[in-house]
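Trainee: Just target-v1.txt, nothing more (compact mmCIF, C-alpha atoms):
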# COMPACT_ATOMS: atom_id res chain seq x y z
CA MET A 81 0.00 0.00 0.00
CA ILE A 82 1.32 3.46 -0.97
CA ASN A 83 0.54 6.18 1.56
CA ILE A 84 0.01 9.55 -0.13
CA ALA A 85 -0.35 13.07 1.25
CA ILE A 86 -1.77 15.96 -0.78
CA ASN A 87 -0.72 19.58 -0.39
CA GLY A 88 -3.37 21.84 -1.92
CA PHE A 89 -7.02 20.79 -2.09
CA GLY A 90 -8.31 22.77 -5.06
CA ARG A 91 -9.71 21.37 -8.32
CA ILE A 92 -6.80 18.98 -8.93
CA GLY A 93 -6.31 18.00 -5.27
CA ARG A 94 -9.99 17.12 -4.88
CA SER A 95 -10.01 15.27 -8.21
CA ILE A 96 -7.05 13.19 -7.03
CA MET A 97 -8.90 12.37 -3.81
CA ARG A 98 -12.01 11.38 -5.76
CA ALA A 99 -9.96 9.27 -8.19
CA ALA A 100 -8.27 7.47 -5.28
CA LEU A 101 -11.70 6.15 -4.22
CA GLN A 102 -11.98 4.11 -7.43
CA GLN A 103 -11.59 0.36 -7.01
CA LYS A 104 -8.53 0.28 -9.28
CA TYR A 105 -6.64 2.50 -6.82
CA LYS A 106 -8.18 1.57 -3.45
CA GLU A 107 -6.21 -1.68 -3.30
CA HIS A 108 -2.88 0.06 -3.82
CA ILE A 109 -3.16 3.70 -2.73
CA ASN A 110 -4.24 5.28 0.54
CA ILE A 111 -4.64 9.05 0.91
CA ILE A 112 -3.62 9.58 4.52
CA ALA A 113 -3.23 13.38 4.89
CA ILE A 114 -4.20 16.63 3.18
CA ASN A 115 -3.08 20.21 3.77
CA ASP A 116 -4.87 23.33 2.56
CA ILE A 117 -5.02 26.92 3.83
CA ASN A 118 -8.84 27.07 3.64
CA GLU A 119 -11.37 26.00 6.26
CA TRP A 120 -12.18 22.31 6.28
CA GLU A 121 -15.92 22.84 6.62
CA ILE A 122 -16.09 24.29 3.11
CA LEU A 123 -13.41 21.95 1.73
CA SER A 124 -15.40 18.94 2.96
CA TYR A 125 -18.52 20.31 1.29
CA LEU A 126 -16.69 20.90 -2.00
CA LEU A 127 -15.32 17.36 -1.95
CA GLU A 128 -18.77 15.83 -1.48
CA TYR A 129 -20.64 18.09 -3.92
CA ASP A 130 -19.07 18.97 -7.26
CA THR A 131 -20.96 20.71 -10.06
CA THR A 132 -18.76 19.15 -12.75
CA HIS A 133 -18.15 15.63 -11.48
CA GLY A 134 -21.33 15.08 -9.47
CA THR A 135 -22.04 14.11 -5.87
CA LEU A 136 -19.44 11.86 -4.26
CA PRO A 137 -20.84 8.41 -3.36
CA PHE A 138 -19.55 8.98 0.18
CA GLU A 139 -20.81 11.18 2.97
CA VAL A 140 -18.01 13.53 3.95
CA SER A 141 -17.56 14.92 7.46
CA HIS A 142 -14.77 16.71 9.28
CA SER A 143 -13.90 17.00 12.96
CA ALA A 144 -10.82 16.92 15.19
CA HIS A 145 -8.44 17.43 12.24
CA THR A 146 -9.82 14.33 10.54
CA LEU A 147 -11.69 13.91 7.26
CA THR A 148 -14.10 10.96 7.23
CA LEU A 149 -15.69 9.40 4.14
CA THR A 150 -18.42 6.79 4.60
CA ASN A 151 -21.13 5.07 2.57
CA ASN A 152 -23.29 1.96 2.93
CA GLN A 153 -20.54 -0.32 1.68
CA SER A 154 -17.42 0.97 3.39
CA THR A 155 -15.59 3.65 5.35
CA TYR A 156 -12.40 5.10 3.91
CA PRO A 157 -9.51 5.15 6.39
CA PRO A 158 -9.48 8.46 8.36
CA ILE A 159 -7.53 11.25 6.66
CA ARG A 160 -5.50 13.72 8.74
CA THR A 161 -6.06 17.35 7.78
CA PHE A 162 -3.86 20.40 8.25
CA ASN A 163 -4.11 24.15 7.70
CA HIS A 164 -0.46 25.12 7.46
CA THR A 165 0.31 28.21 5.40
CA HIS A 166 4.09 27.79 5.36
CA PRO A 167 5.38 24.63 3.65
CA ASP A 168 8.20 24.08 6.14
CA GLU A 169 5.58 23.57 8.85
CA LEU A 170 4.37 20.45 7.06
CA ASP A 171 5.65 17.09 8.25
CA PHE A 172 3.82 14.52 6.18
CA ALA A 173 6.43 11.90 7.02
CA ALA A 174 5.30 12.06 10.67
CA VAL A 175 1.88 10.70 9.65
CA GLY A 176 3.40 7.98 7.46
CA ALA A 177 3.35 9.46 3.94
CA ASP A 178 5.54 7.77 1.32
CA ILE A 179 4.70 10.28 -1.44
CA VAL A 180 3.58 13.90 -1.37
CA ILE A 181 1.52 15.25 -4.26
CA GLU A 182 2.07 19.00 -4.50
CA SER A 183 -1.08 20.46 -6.07
CA SER A 184 -1.35 23.89 -4.46
CA GLY A 185 0.05 25.66 -7.52
CA GLN A 186 2.26 27.75 -5.23
CA PHE A 187 5.49 25.74 -5.07
CA LEU A 188 6.94 25.03 -8.49
CA ASP A 189 10.65 24.29 -8.05
CA SER A 190 12.73 21.57 -6.43
CA LYS A 191 14.13 23.84 -3.72
CA GLN A 192 10.64 24.58 -2.42
CA LEU A 193 9.83 20.86 -2.20
CA THR A 194 13.03 19.38 -0.74
CA HIS A 195 11.83 19.84 2.85
CA HIS A 196 9.39 16.95 2.38
CA CYS A 197 12.27 14.59 1.58
CA GLN A 198 14.43 16.03 4.36
CA LYS A 199 11.69 15.10 6.81
CA GLY A 200 11.48 11.53 5.55
CA VAL A 201 9.06 11.42 2.61
CA LYS A 202 10.43 9.19 -0.16
CA LYS A 203 9.07 10.95 -3.24
CA VAL A 204 7.35 14.20 -4.26
CA ILE A 205 5.20 14.64 -7.39
CA LEU A 206 4.47 18.16 -8.61
CA SER A 207 1.14 18.33 -10.46
CA ALA A 208 2.21 21.20 -12.72
CA THR A 209 5.00 22.30 -15.03
CA PRO A 210 8.00 23.27 -12.86
CA SER A 211 9.75 26.63 -12.96
CA ASP A 212 13.22 25.04 -12.76
CA ASN A 213 14.89 22.02 -14.39
CA MET A 214 13.01 19.47 -12.28
CA PRO A 215 12.78 16.06 -14.02
CA THR A 216 9.43 15.95 -15.83
CA PHE A 217 7.57 12.84 -16.91
CA ALA A 218 4.31 11.96 -18.66
CA LEU A 219 3.06 8.39 -18.75
CA GLY A 220 3.14 6.94 -22.24
CA ALA A 221 5.68 9.51 -23.41
CA ASN A 222 8.91 9.36 -21.38
CA HIS A 223 8.08 7.65 -18.07
CA THR A 224 10.50 4.79 -18.83
CA LEU A 225 13.37 7.30 -18.38
CA TYR A 226 12.52 7.71 -14.70
CA SER A 227 15.56 6.74 -12.61
CA SER A 228 14.53 7.06 -8.95
CA GLN A 229 14.64 10.86 -8.71
CA PRO A 230 12.98 11.86 -5.42
CA ILE A 231 11.27 15.01 -6.77
CA ILE A 232 9.56 15.02 -10.16
CA SER A 233 6.90 16.85 -12.12
CA ASN A 234 3.97 15.04 -13.70
CA ALA A 235 3.93 17.83 -16.32
CA SER A 236 0.66 19.64 -17.06
CA CYS A 237 -2.72 18.28 -18.13
CA THR A 238 -2.15 19.63 -21.64
CA ALA A 239 1.33 18.10 -21.92
CA ASN A 240 -0.09 14.75 -20.81
CA ALA A 241 -2.67 15.04 -23.58
CA LEU A 242 -0.28 16.27 -26.29
CA ALA A 243 2.76 14.10 -25.59
CA PRO A 244 1.36 10.61 -26.35
CA LEU A 245 -0.02 11.77 -29.71
CA CYS A 246 3.16 13.61 -30.67
CA LYS A 247 5.31 10.65 -29.66
CA ILE A 248 3.38 8.23 -31.88
CA ILE A 249 3.31 10.54 -34.89
CA ASN A 250 7.00 11.39 -34.56
CA GLU A 251 7.95 7.71 -34.33
CA CYS A 252 5.73 6.68 -37.26
CA PHE A 253 6.09 9.58 -39.68
CA GLY A 254 8.57 12.11 -38.25
CA ILE A 255 7.62 15.64 -37.22
CA GLU A 256 9.25 18.52 -39.07
CA MET A 257 7.02 21.15 -37.46
CA ALA A 258 3.83 21.23 -35.43
CA SER A 259 1.33 23.91 -34.44
CA PHE A 260 -1.51 23.47 -32.01
CA CYS A 261 -4.47 25.28 -30.53
CA ILE A 262 -5.74 24.18 -27.12
CA MET A 263 -9.40 25.03 -26.65
CA HIS A 264 -9.42 24.94 -22.86
CA SER A 265 -12.23 25.25 -20.32
CA TYR A 266 -12.01 28.30 -18.07
CA THR A 267 -10.25 27.92 -14.73
CA ASN A 268 -10.42 29.49 -11.27
CA GLU A 269 -7.76 32.06 -12.04
CA GLN A 270 -10.18 33.74 -14.46
CA SER A 271 -13.05 35.97 -13.35
CA LEU A 272 -16.77 35.55 -13.95
CA LEU A 273 -17.08 39.29 -14.61
CA ASP A 274 -14.63 41.69 -16.23
CA SER A 275 -11.87 42.24 -13.68
CA VAL A 276 -8.21 43.27 -13.68
CA TYR A 277 -5.88 40.47 -14.76
CA PRO A 278 -2.27 41.71 -14.61
CA HIS A 279 -0.36 41.77 -17.91
CA ASN A 280 -3.12 40.09 -19.96
CA LYS A 281 -6.00 42.24 -21.14
CA ARG A 282 -7.97 39.40 -22.71
CA ARG A 283 -7.91 37.28 -19.55
CA SER A 284 -9.42 40.20 -17.67
CA ARG A 285 -12.70 39.60 -19.50
CA ALA A 286 -15.65 37.53 -18.22
CA ALA A 287 -14.77 33.83 -18.50
CA ALA A 288 -18.26 32.42 -19.04
CA GLN A 289 -19.24 34.91 -21.75
CA ASN A 290 -16.19 35.09 -23.99
CA ILE A 291 -13.88 33.04 -26.18
CA ILE A 292 -10.51 34.28 -24.94
CA PRO A 293 -7.23 33.81 -26.88
CA THR A 294 -4.27 33.53 -24.53
CA HIS A 295 -0.80 32.05 -24.10
CA THR A 296 0.01 28.49 -23.05
CA GLY A 297 2.85 26.86 -21.17
CA ALA A 298 2.29 23.61 -23.07
CA ILE A 299 5.27 24.12 -25.42
CA ASP A 300 7.71 24.25 -22.51
CA ALA A 301 6.04 21.29 -20.78
CA LEU A 302 5.91 19.21 -23.95
CA THR A 303 9.56 19.75 -24.89
CA ARG A 304 10.60 18.78 -21.35
CA VAL A 305 8.89 15.45 -21.96
CA LEU A 306 9.88 15.08 -25.65
CA PRO A 307 13.11 17.11 -26.08
CA GLU A 308 13.48 15.83 -29.64
CA LEU A 309 10.70 18.28 -30.56
CA GLU A 310 12.62 21.32 -29.29
CA GLY A 311 12.35 24.15 -31.82
CA LYS A 312 9.66 22.39 -33.85
CA LEU A 313 6.56 23.50 -31.94
CA GLY A 314 4.30 26.52 -31.85
CA GLY A 315 0.94 26.97 -30.21
CA HIS A 316 -1.52 28.97 -28.21
CA SER A 317 -4.62 28.45 -26.09
CA VAL A 318 -8.18 29.68 -26.34
CA ARG A 319 -10.25 29.71 -23.15
CA VAL A 320 -13.87 28.82 -23.91
CA PRO A 321 -17.08 29.08 -21.83
CA VAL A 322 -17.27 25.52 -20.47
CA SER A 323 -16.25 24.43 -16.96
CA ASN A 324 -14.28 21.33 -17.91
CA VAL A 325 -12.67 19.43 -20.83
CA LEU A 326 -10.21 20.69 -23.44
CA LEU A 327 -9.92 20.06 -27.17
CA LEU A 328 -6.60 19.73 -29.00
CA ASP A 329 -6.38 20.88 -32.62
CA ILE A 330 -2.91 19.93 -33.90
CA THR A 331 -1.34 20.41 -37.32
CA PHE A 332 1.86 18.52 -38.23
CA ILE A 333 4.27 18.84 -41.11
CA LEU A 334 5.47 15.26 -41.50
CA SER A 335 8.89 14.02 -42.61
CA HIS A 336 7.37 11.04 -44.40
CA PRO A 337 4.15 11.40 -46.43
CA THR A 338 1.16 9.28 -45.43
CA ASN A 339 -2.61 9.14 -45.76
CA THR A 340 -5.45 9.61 -43.30
CA THR A 341 -6.07 5.88 -42.87
CA LYS A 342 -2.47 5.14 -41.91
CA LEU A 343 -2.33 8.20 -39.66
CA ASN A 344 -5.44 7.10 -37.76
CA GLU A 345 -4.32 3.48 -37.60
CA SER A 346 -1.02 4.47 -35.97
CA ILE A 347 -2.86 6.11 -33.07
CA ILE A 348 -5.63 3.53 -32.79
CA ASN A 349 -3.12 0.65 -32.74
CA ALA A 350 -1.08 2.38 -30.04
CA SER A 351 -4.23 2.88 -27.95
CA LYS A 352 -4.53 -0.92 -27.81
CA THR A 353 -0.86 -1.61 -27.04
CA THR A 354 1.83 0.83 -25.88
CA MET A 355 -0.68 3.57 -25.04
CA LYS A 356 -3.43 1.41 -23.54
CA ASN A 357 -5.32 3.38 -20.85
CA ILE A 358 -3.41 6.51 -21.95
CA ILE A 359 -5.10 7.17 -25.31
CA GLY A 360 -8.82 6.61 -25.79
CA ILE A 361 -10.67 6.60 -29.11
CA ASP A 362 -13.91 8.49 -29.82
CA LEU A 363 -15.93 6.53 -32.37
CA LYS A 364 -19.29 8.11 -31.54
CA GLN A 365 -18.73 11.74 -32.56
CA GLY A 366 -18.75 13.12 -29.02
CA VAL A 367 -18.83 16.71 -27.84
CA SER A 368 -17.05 18.18 -24.83
CA SER A 369 -19.53 17.17 -22.12
CA ASP A 370 -19.32 13.53 -23.25
CA PHE A 371 -15.73 13.39 -22.01
CA ILE A 372 -16.31 14.61 -18.46
CA GLY A 373 -15.10 11.79 -16.26
CA ASN A 374 -13.02 10.12 -18.98
CA PRO A 375 -9.86 8.69 -17.34
CA HIS A 376 -7.60 8.72 -20.44
CA SER A 377 -4.87 11.31 -20.88
CA VAL A 378 -6.35 12.08 -24.29
CA VAL A 379 -9.21 10.81 -26.48
CA PHE A 380 -8.51 10.83 -30.22
CA ALA A 381 -11.33 11.54 -32.73
CA PRO A 382 -10.27 9.75 -35.95
CA ASP A 383 -13.21 11.02 -38.03
CA LEU A 384 -11.83 14.56 -37.75
CA SER A 385 -8.34 13.76 -39.08
CA TYR A 386 -7.18 14.73 -42.55
CA ILE A 387 -4.03 14.94 -44.67
CA VAL A 388 -3.15 17.68 -47.18
CA ASN A 389 -0.60 16.93 -49.93
CA GLY A 390 0.65 13.86 -48.12
CA ASN A 391 2.67 15.54 -45.41
CA MET A 392 0.43 18.07 -43.65
CA ALA A 393 -1.65 16.25 -41.06
CA ARG A 394 -4.36 17.64 -38.81
CA ILE A 395 -5.83 15.77 -35.83
CA ILE A 396 -8.38 16.52 -33.12
CA ALA A 397 -8.52 15.04 -29.60
CA TRP A 398 -10.29 15.56 -26.27
CA CYS A 399 -9.19 15.52 -22.63
CA ASP A 400 -10.91 15.87 -19.26
CA ASN A 401 -8.24 18.19 -17.90
CA GLU A 402 -9.21 17.42 -14.29
CA TRP A 403 -10.21 13.75 -14.15
CA GLY A 404 -7.82 12.38 -16.76
CA TYR A 405 -4.93 14.24 -15.16
CA ALA A 406 -5.86 13.11 -11.63
CA ASN A 407 -5.78 9.50 -12.82
CA ARG A 408 -2.34 10.00 -14.36
CA VAL A 409 -0.96 11.50 -11.14
CA LEU A 410 -2.05 8.41 -9.20
CA ASP A 411 -0.70 6.13 -11.95
CA MET A 412 2.61 7.97 -11.73
CA ALA A 413 2.67 7.52 -7.95
CA GLN A 414 2.25 3.79 -8.45
CA PHE A 415 4.90 3.69 -11.19
CA ILE A 416 7.62 5.47 -9.20
CA SER A 417 6.87 3.28 -6.19
CA SER A 418 7.21 0.03 -8.10
Starting from the file, give its structure as structure tokens.
Mentor:
Amino acid sequence: MINIAINGFGRIGRSIMRAALQQKYKEHINIIAINDINEWEILSYLLEYDTTHGTLPFEVSHSAHTLTLTNNQSTYPPIRTFNHTHPDELDFAAVGADIVIESSGQFLDSKQLTHHCQKGVKKVILSATPSDNMPTFALGANHTLYSSQPIISNASCTANALAPLCKIINECFGIEMASFCIMHSYTNEQSLLDSVYPHNKRRSRAAAQNIIPTHTGAIDALTRVLPELEGKLGGHSVRVPVSNVLLLDITFILSHPTNTTKLNESIINASKTTMKNIIGIDLKQGVSSDFIGNPHSVVFAPDLSYIVNGNMARIIAWCDNEWGYANRVLDMAQFISS
């Protein structure tokens, strides 16, 4: 059993907790402690009731620094809760944590996370793109290069979605250049009404009423995972008025000409073998809400692919940027513990 502590109980932290309740993880992973700066009365409520992912099939209660989850079938082991504002005050090793998942969004480099290891935690996983040269891995893309580093990044949700597709296409056809647009659901750092957003005028506009072009950190995250694509990528993001799920629209200039059938077959075949449980396939012409709760890193839509002049390829794929990513974080925790 792997004992995990979570620092930061926002959208990703709560999604990781929810994912850990699935049968496929319950036998191997135990969430034993969570730290967040907010009050646990509201955090407990937000864990049990979620507008996007639905009501948790557990009743959630909190008292005496303990989070309790119960239903008719079982009771999850008690979870210790903390309200520390300074990371050095945290001692997850004292409560038995093997791995810390850092999902607060506040601590993005190795130096800020070393105190966990100094206190006895074996491994730390950052659920974001780091701000330093922290080793960065995405399952299905470069996870086999992991070599027991104690502090790693699980990259971003978008990198986890992009990397498996780019890896397959580069291996099968070669990538000369690639350009992508990430149509991304709005996030908590945007405002519901027009409000000041420093250094980005478009992001200052109301999230639920506008399509908002903006920058993305996915290029940096993706080239950390697939450095062979350094200098070959360009892209941006467009925030759209939905609360969850992103869509990838990627155009490749290929080294070796192909056709749409072979392009699609390369991804579909990988989804059954090397990328099983990483890449899903949409054969039913879904729209964004159909992918809420999908556990894959990315879901490829083969009917939307096309080739121009043999070597310009365009593909479309979906991703639940909360649930899919939460599943990958827990998969990564299992992988680095094995």
Trainee: Between atom CA of A:Asn324 and atom CA of A:Gly373, what is the distance, to one decimal in Å?
Mentor: 9.7 Å
Trainee: In Å, with one decimal, what is the gap from atom CA of A:Leu272 to atom CA of A:Gly404?
Mentor: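 Atom CA of A:Leu272 sits 25.0 Å away from atom CA of A:Gly404.
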Trainee: Within 10 Å of A:His316, counting only C-alpha atoms, which residues qualify if same-chain residues fewer than 2 places away don't, as an MDAnalysis selection string?
Mentor: chainID A and resid 259:263 293:299 314 318
Trainee: So how many Å separate atom CA of A:Gln198 and atom CA of A:Asn240, to one decimal?
Mentor: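 These atoms are spaced 29.1 Å apart.
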Trainee: My list of candidates is A:Gly134, A:Gly366, A:Gly315, A:Gly220. Which is closest to A:Thr331 when distances are computed with all atoms listed in the file?
Mentor: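 Comparing A:Gly134, A:Gly366, A:Gly315, A:Gly220 against A:Thr331, the winner is A:Gly315.
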Trainee: Determine the nearest neighbour of A:Asn389 from the options A:Ile359, A:Ser418, A:Asp300, A:Thr338, counting all atoms listed in the file.
Mentor: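 Of the candidates, the smallest distance to A:Asn389 is held by A:Thr338.
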Trainee: Can you pull out every residue within 12 Å of stretch 162-170 of chain A, counting only C-alpha atoms, but drop anything in the same chain fewer than 2 positions away, and send it as an MDAnalysis selection string?
Mentor: chainID A and resid 85:89 112:121 123 142:147 159:160 172:175 177 180 182 184 186:187 191:201
Trainee: Looking at only C-alpha atoms, which of A:Pro157, A:Pro307, A:Pro321, A:Pro382 is the one that sits closest to A:Ser346?
Mentor: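 Using only C-alpha atoms, A:Ser346 sits closest to A:Pro382.
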Trainee: Could you tell me which of A:Ala288, A:Ala413, A:Ile347, A:Ile358 comes closest to A:Ser385 if we count all atoms listed in the file?
Mentor: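 Among the listed residues, the smallest separation from A:Ser385 belongs to A:Ile347.
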Trainee: Quick one: of A:Thr155, A:Ser207, A:Asn250, A:Thr161, who's nearest to A:Gly93, counting only C-alpha atoms?
Mentor: A:Ser207
Trainee: Can you pull out the residues contacting stretch 302-305 of chain A? Cut-off 9 Å, using only C-alpha atoms, and skip same-chain residues under 4 positions away; I want them as a list in words.
Mentor: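 Here the answer would be Asn213, Pro215, Thr216, Phe217, Ala218, Ala221, Asn222, His223, Ala235, Ser236, Thr238, Ala239, Asn240, Leu242, Ala243, Gly297, Ala298, Leu309, Glu310, Gly311 and Leu313 of chain A.
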Trainee: For A:Gly254, which residue among A:Ala397, A:Ala301, A:Leu334, A:Ile92 is the nearest when counting all atoms listed in the file?
Mentor: A:Leu334
Trainee: Which centre and edge lengths in Å to one decimal define the box along x, y and z that fits every listed atom of stretch 358-371 of chain A plus 5 Å per side, as AutoDock Vina command-line options?
Mentor:
--center_x -11.5 --center_y 12.3 --center_z -27.3 --size_x 26.1 --size_y 21.7 --size_z 20.6
Trainee: May I have the protein, DNA and RNA residues with an atom at most 6 Å from (-10.4, 11.4, -25.6), counting all atoms listed in the file in the file's coordinates, returned as a list in words?
Mentor: Gly360, Ile361, Val378, Val379, Phe380, Ala397, Trp398 and Cys399 of chain A
Trainee: Take the residues that were just selected and, keeping C-alpha atoms, output them as a CSV table (one decimal), in the coordinates of the input.
Mentor:
chain,number,residue,atom,x,y,z
A,360,GLY,CA,-8.8,6.6,-25.8
A,361,ILE,CA,-10.7,6.6,-29.1
A,378,VAL,CA,-6.4,12.1,-24.3
A,379,VAL,CA,-9.2,10.8,-26.5
A,380,PHE,CA,-8.5,10.8,-30.2
A,397,ALA,CA,-8.5,15.0,-29.6
A,398,TRP,CA,-10.3,15.6,-26.3
A,399,CYS,CA,-9.2,15.5,-22.6
Trainee: Identify the residues around (-6.3, 5.8, -18.4) within a radius of 7 Å, measuring from only C-alpha atoms in the coordinates stated by the file, and give them as a short mmCIF file (atom, residue, chain, number, x, y, z; two decimals) with C-alpha atoms, keeping the file's coordinate frame.
Mentor:
data_model
loop_
_atom_site.label_atom_id
_atom_site.label_comp_id
_atom_site.auth_asym_id
_atom_site.auth_seq_id
_atom_site.Cartn_x
_atom_site.Cartn_y
_atom_site.Cartn_z
CA ASN A 357 -5.32 3.38 -20.85
CA ILE A 358 -3.41 6.51 -21.95
CA PRO A 375 -9.86 8.69 -17.34
CA HIS A 376 -7.60 8.72 -20.44
CA SER A 377 -4.87 11.31 -20.88
CA GLY A 404 -7.82 12.38 -16.76
CA ASN A 407 -5.78 9.50 -12.82
#
Trainee: What's the 8 Å shell around A:Ile387, counting only C-alpha atoms, without same-chain residues fewer than 4 positions away, as a PyMOL selection string?
Mentor: chain A and resi 338-340+391-394
Trainee: Please rebuild stretch 276-297 of chain A with N, CA and C atoms and give the result as an mmCIF file, keeping the file's coordinate frame.
Mentor:
data_model
loop_
_atom_site.group_PDB
_atom_site.id
_atom_site.type_symbol
_atom_site.label_atom_id
_atom_site.label_comp_id
_atom_site.auth_asym_id
_atom_site.auth_seq_id
_atom_site.Cartn_x
_atom_site.Cartn_y
_atom_site.Cartn_z
ATOM 1 N N VAL A 276 -9.623 43.081 -13.337
ATOM 2 C CA VAL A 276 -8.210 43.270 -13.680
ATOM 3 C C VAL A 276 -7.458 41.947 -13.609
ATOM 4 N N TYR A 277 -6.781 41.618 -14.699
ATOM 5 C CA TYR A 277 -5.880 40.470 -14.760
ATOM 6 C C TYR A 277 -4.532 41.028 -15.195
ATOM 7 N N PRO A 278 -3.539 41.044 -14.310
ATOM 8 C CA PRO A 278 -2.270 41.710 -14.610
ATOM 9 C C PRO A 278 -1.604 41.167 -15.882
ATOM 10 N N HIS A 279 -1.179 42.069 -16.737
ATOM 11 C CA HIS A 279 -0.360 41.770 -17.910
ATOM 12 C C HIS A 279 -1.073 40.968 -18.991
ATOM 13 N N ASN A 280 -2.403 40.811 -18.908
ATOM 14 C CA ASN A 280 -3.120 40.090 -19.960
ATOM 15 C C ASN A 280 -4.531 40.651 -20.070
ATOM 16 N N LYS A 281 -4.722 41.555 -21.012
ATOM 17 C CA LYS A 281 -6.000 42.240 -21.140
ATOM 18 C C LYS A 281 -7.141 41.262 -21.449
ATOM 19 N N ARG A 282 -6.893 40.303 -22.323
ATOM 20 C CA ARG A 282 -7.970 39.400 -22.710
ATOM 21 C C ARG A 282 -8.443 38.540 -21.530
ATOM 22 N N ARG A 283 -7.511 38.104 -20.693
ATOM 23 C CA ARG A 283 -7.910 37.280 -19.550
ATOM 24 C C ARG A 283 -8.638 38.088 -18.477
ATOM 25 N N SER A 284 -8.667 39.380 -18.621
ATOM 26 C CA SER A 284 -9.420 40.200 -17.670
ATOM 27 C C SER A 284 -10.924 40.208 -17.987
ATOM 28 N N ARG A 285 -11.305 39.588 -19.085
ATOM 29 C CA ARG A 285 -12.700 39.600 -19.500
ATOM 30 C C ARG A 285 -13.470 38.405 -18.942
ATOM 31 N N ALA A 286 -14.789 38.518 -18.868
ATOM 32 C CA ALA A 286 -15.650 37.530 -18.220
ATOM 33 C C ALA A 286 -15.495 36.141 -18.847
ATOM 34 N N ALA A 287 -15.130 35.158 -18.010
ATOM 35 C CA ALA A 287 -14.770 33.830 -18.500
ATOM 36 C C ALA A 287 -15.932 33.078 -19.131
ATOM 37 N N ALA A 288 -17.125 33.217 -18.572
ATOM 38 C CA ALA A 288 -18.260 32.420 -19.040
ATOM 39 C C ALA A 288 -19.004 33.058 -20.203
ATOM 40 N N GLN A 289 -18.537 34.210 -20.674
ATOM 41 C CA GLN A 289 -19.240 34.910 -21.750
ATOM 42 C C GLN A 289 -18.365 35.186 -22.966
ATOM 43 N N ASN A 290 -17.117 34.743 -22.918
ATOM 44 C CA ASN A 290 -16.190 35.090 -23.990
ATOM 45 C C ASN A 290 -15.342 33.898 -24.413
ATOM 46 N N ILE A 291 -14.953 33.897 -25.679
ATOM 47 C CA ILE A 291 -13.880 33.040 -26.180
ATOM 48 C C ILE A 291 -12.612 33.879 -26.091
ATOM 49 N N ILE A 292 -11.633 33.419 -25.313
ATOM 50 C CA ILE A 292 -10.510 34.280 -24.940
ATOM 51 C C ILE A 292 -9.178 33.692 -25.414
ATOM 52 N N PRO A 293 -8.569 34.251 -26.471
ATOM 53 C CA PRO A 293 -7.230 33.810 -26.880
ATOM 54 C C PRO A 293 -6.212 34.167 -25.800
ATOM 55 N N THR A 294 -5.276 33.264 -25.555
ATOM 56 C CA THR A 294 -4.270 33.530 -24.530
ATOM 57 C C THR A 294 -3.035 32.674 -24.796
ATOM 58 N N HIS A 295 -2.034 32.818 -23.959
ATOM 59 C CA HIS A 295 -0.800 32.050 -24.100
ATOM 60 C C HIS A 295 -0.978 30.663 -23.467
ATOM 61 N N THR A 296 -0.007 29.803 -23.694
ATOM 62 C CA THR A 296 0.010 28.490 -23.050
ATOM 63 C C THR A 296 1.428 28.117 -22.673
ATOM 64 N N GLY A 297 1.540 27.391 -21.586
ATOM 65 C CA GLY A 297 2.850 26.860 -21.170
ATOM 66 C C GLY A 297 3.094 25.467 -21.714
#
